[in-house]
Amino acid sequence: MSWRTDFAWLVGGTAPSWTPDLDGQKKNLEVLAAVERLLELVVELGSTASYLSQAEVVLPAEHPWVKQAEAARKALQEKLSQDRTAEHAAEYRQTLNQLKKDYITAYIASHSKARLGVAEDKTRNALRKDDRLLALRVLAGVSLMPTSQLTAFEESLNGLKSCSSLDEPTLTTAAVCPHCQFRPSAEQLELIPAANRLHKLDDDLDQLVANWQQILAGFEAGTAPYDTFSEAYNAAYTELAVRAQRQGR
Ligand SMILES: [Zn+2]
């Protein structure tokens, strides 16, 4: 029965071991009523327990919420092992619902740290078409330019993940964002939020342009073949002029 597996999260991986010996107490209506109440409780709490057992493997093991859930589960298991009449049903319900609420808060915080939102995604797209980057791409065609720097920059820019569709109601039914399948325990988590990494990439681009300008200045000063510089310079700026014209600027 599925409620048994769902509820296993609470009762320690097995079906309840404290099921009263019904053979000896068949006529005890009170016990039967209590068992019925327990079964109802199991069904009711089963889906939340099942959700929480998924949630426990979504967040990294060292996350404070995981520790909190483990402790709460142990405490509940102990109480359940003694509560034969579902006397504390309201308390169990409250504990599980609170755990779920805390999980949703923790997950959303982690999700918004790891993902770009709508505005940030626009900023990223603008950065992809930024004149500085376009000039570097053209210049990358010139031998002697350190193109690996540009490749690394573009990889970082493209590596940022966007997701702006997650909201709280969605997470009440699914423990993982259905739009981007974000699983903090399975992703290489960055310490710096995605939005901050995006801002840093803008600064990095300035730095990259400055570096390359220095290399070009070296060409101009005659420490590198002038023709190469001249060709690259003209190609880059012709390209930029054409793009600017196309965009009606
Ligand atoms: Zn998402």
# chains A, B, ... in the order shown; residues from 1 in each chain; ligands from 1
call {"tool": "closest_atom_pairs", "arguments": {"of": "chain A", "to": "ligand 1", "cutoff": "10 Å", "atoms": "only C-alpha atoms and all ligand atoms", "output": "CSV"}}
result
residue,atom,partner,partner_atom_place_in_ligand_line,distance
A:Ile108,CA,ligand 1,1 (Zn),9.0
A:His111,CA,ligand 1,1 (Zn),6.6
A:Ser112,CA,ligand 1,1 (Zn),8.3
A:Ala114,CA,ligand 1,1 (Zn),9.1
A:Arg115,CA,ligand 1,1 (Zn),7.2
A:Leu116,CA,ligand 1,1 (Zn),9.4
A:Gly117,CA,ligand 1,1 (Zn),9.6
A:Lys161,CA,ligand 1,1 (Zn),9.0
A:Ser162,CA,ligand 1,1 (Zn),7.6
A:Cys163,CA,ligand 1,1 (Zn),4.6
A:Ser164,CA,ligand 1,1 (Zn),6.5
A:Ser165,CA,ligand 1,1 (Zn),6.3
A:Leu166,CA,ligand 1,1 (Zn),5.4
A:Asp167,CA,ligand 1,1 (Zn),9.0
A:Val176,CA,ligand 1,1 (Zn),8.1
A:Cys177,CA,ligand 1,1 (Zn),4.7
A:Pro178,CA,ligand 1,1 (Zn),6.6
A:His179,CA,ligand 1,1 (Zn),4.9
A:Cys180,CA,ligand 1,1 (Zn),4.0
A:Gln181,CA,ligand 1,1 (Zn),6.2
A:Phe182,CA,ligand 1,1 (Zn),5.8
A:Arg183,CA,ligand 1,1 (Zn),9.4
call {"tool": "residues_around", "arguments": {"residues": "A:Ala69", "least_positions_apart": "3", "cutoff": "10 Å", "atoms": "only C-alpha atoms", "output": "PyMOL selection string"}}
result
chain A and resi 52-53+55-56+64-66+72-75+95-96+99-100+102-103
call {"tool": "select_by_dssp", "arguments": {"residues": "stretch 77-223 of chain A", "states": "alpha helix (DSSP H)", "output": "PyMOL selection string"}}
result
chain A and resi 77-82+89-114+118-128+131-139+147-159+168-173+194-218
call {"tool": "closest_residue", "arguments": {"among": "A:Ala109, A:Ala175, A:Ile215, A:Ala194", "to": "A:Ser50", "atoms": "only C-alpha atoms"}}
result
A:Ala175
call {"tool": "select_by_dssp", "arguments": {"residues": "stretch 6-215 of chain A", "states": "strand (DSSP E or B)", "output": "list in words"}}
result
Arg115, Leu116, Lys161 and Ser162 of chain A
call {"tool": "atom_distance", "arguments": {"atom1": "atom CA of A:Tyr107", "atom2": "atom CA of A:Leu189"}}
result
13.1 Å
call {"tool": "closest_residue", "arguments": {"among": "A:Leu216, A:Val58, A:Ala71, A:Ala174", "to": "A:Val142", "atoms": "only C-alpha atoms"}}
result
A:Leu216
call {"tool": "residues_around", "arguments": {"residues": "A:Thr85", "least_positions_apart": "2", "cutoff": "10 Å", "atoms": "only C-alpha atoms", "output": "list in words"}}
result
Glu30, Val31, Leu32, Ala33, Ala34, Val35, Glu36, Arg37, Leu38, Leu80, Gln82, Asp83, Glu87, His88 and Ala89 of chain A
call {"tool": "atom_distance", "arguments": {"atom1": "atom CA of A:Glu154", "atom2": "atom CA of A:Asp202"}}
result
11.4 Å
call {"tool": "closest_residue", "arguments": {"among": "A:Ala90, A:Ala217, A:Leu76, A:Leu150", "to": "A:Leu134", "atoms": "only C-alpha atoms"}}
result
A:Leu150
call {"tool": "closest_residue", "arguments": {"among": "A:Arg246, A:Tyr92, A:Leu41, A:Ala140", "to": "A:Trp212", "atoms": "only C-alpha atoms"}}
result
A:Ala140
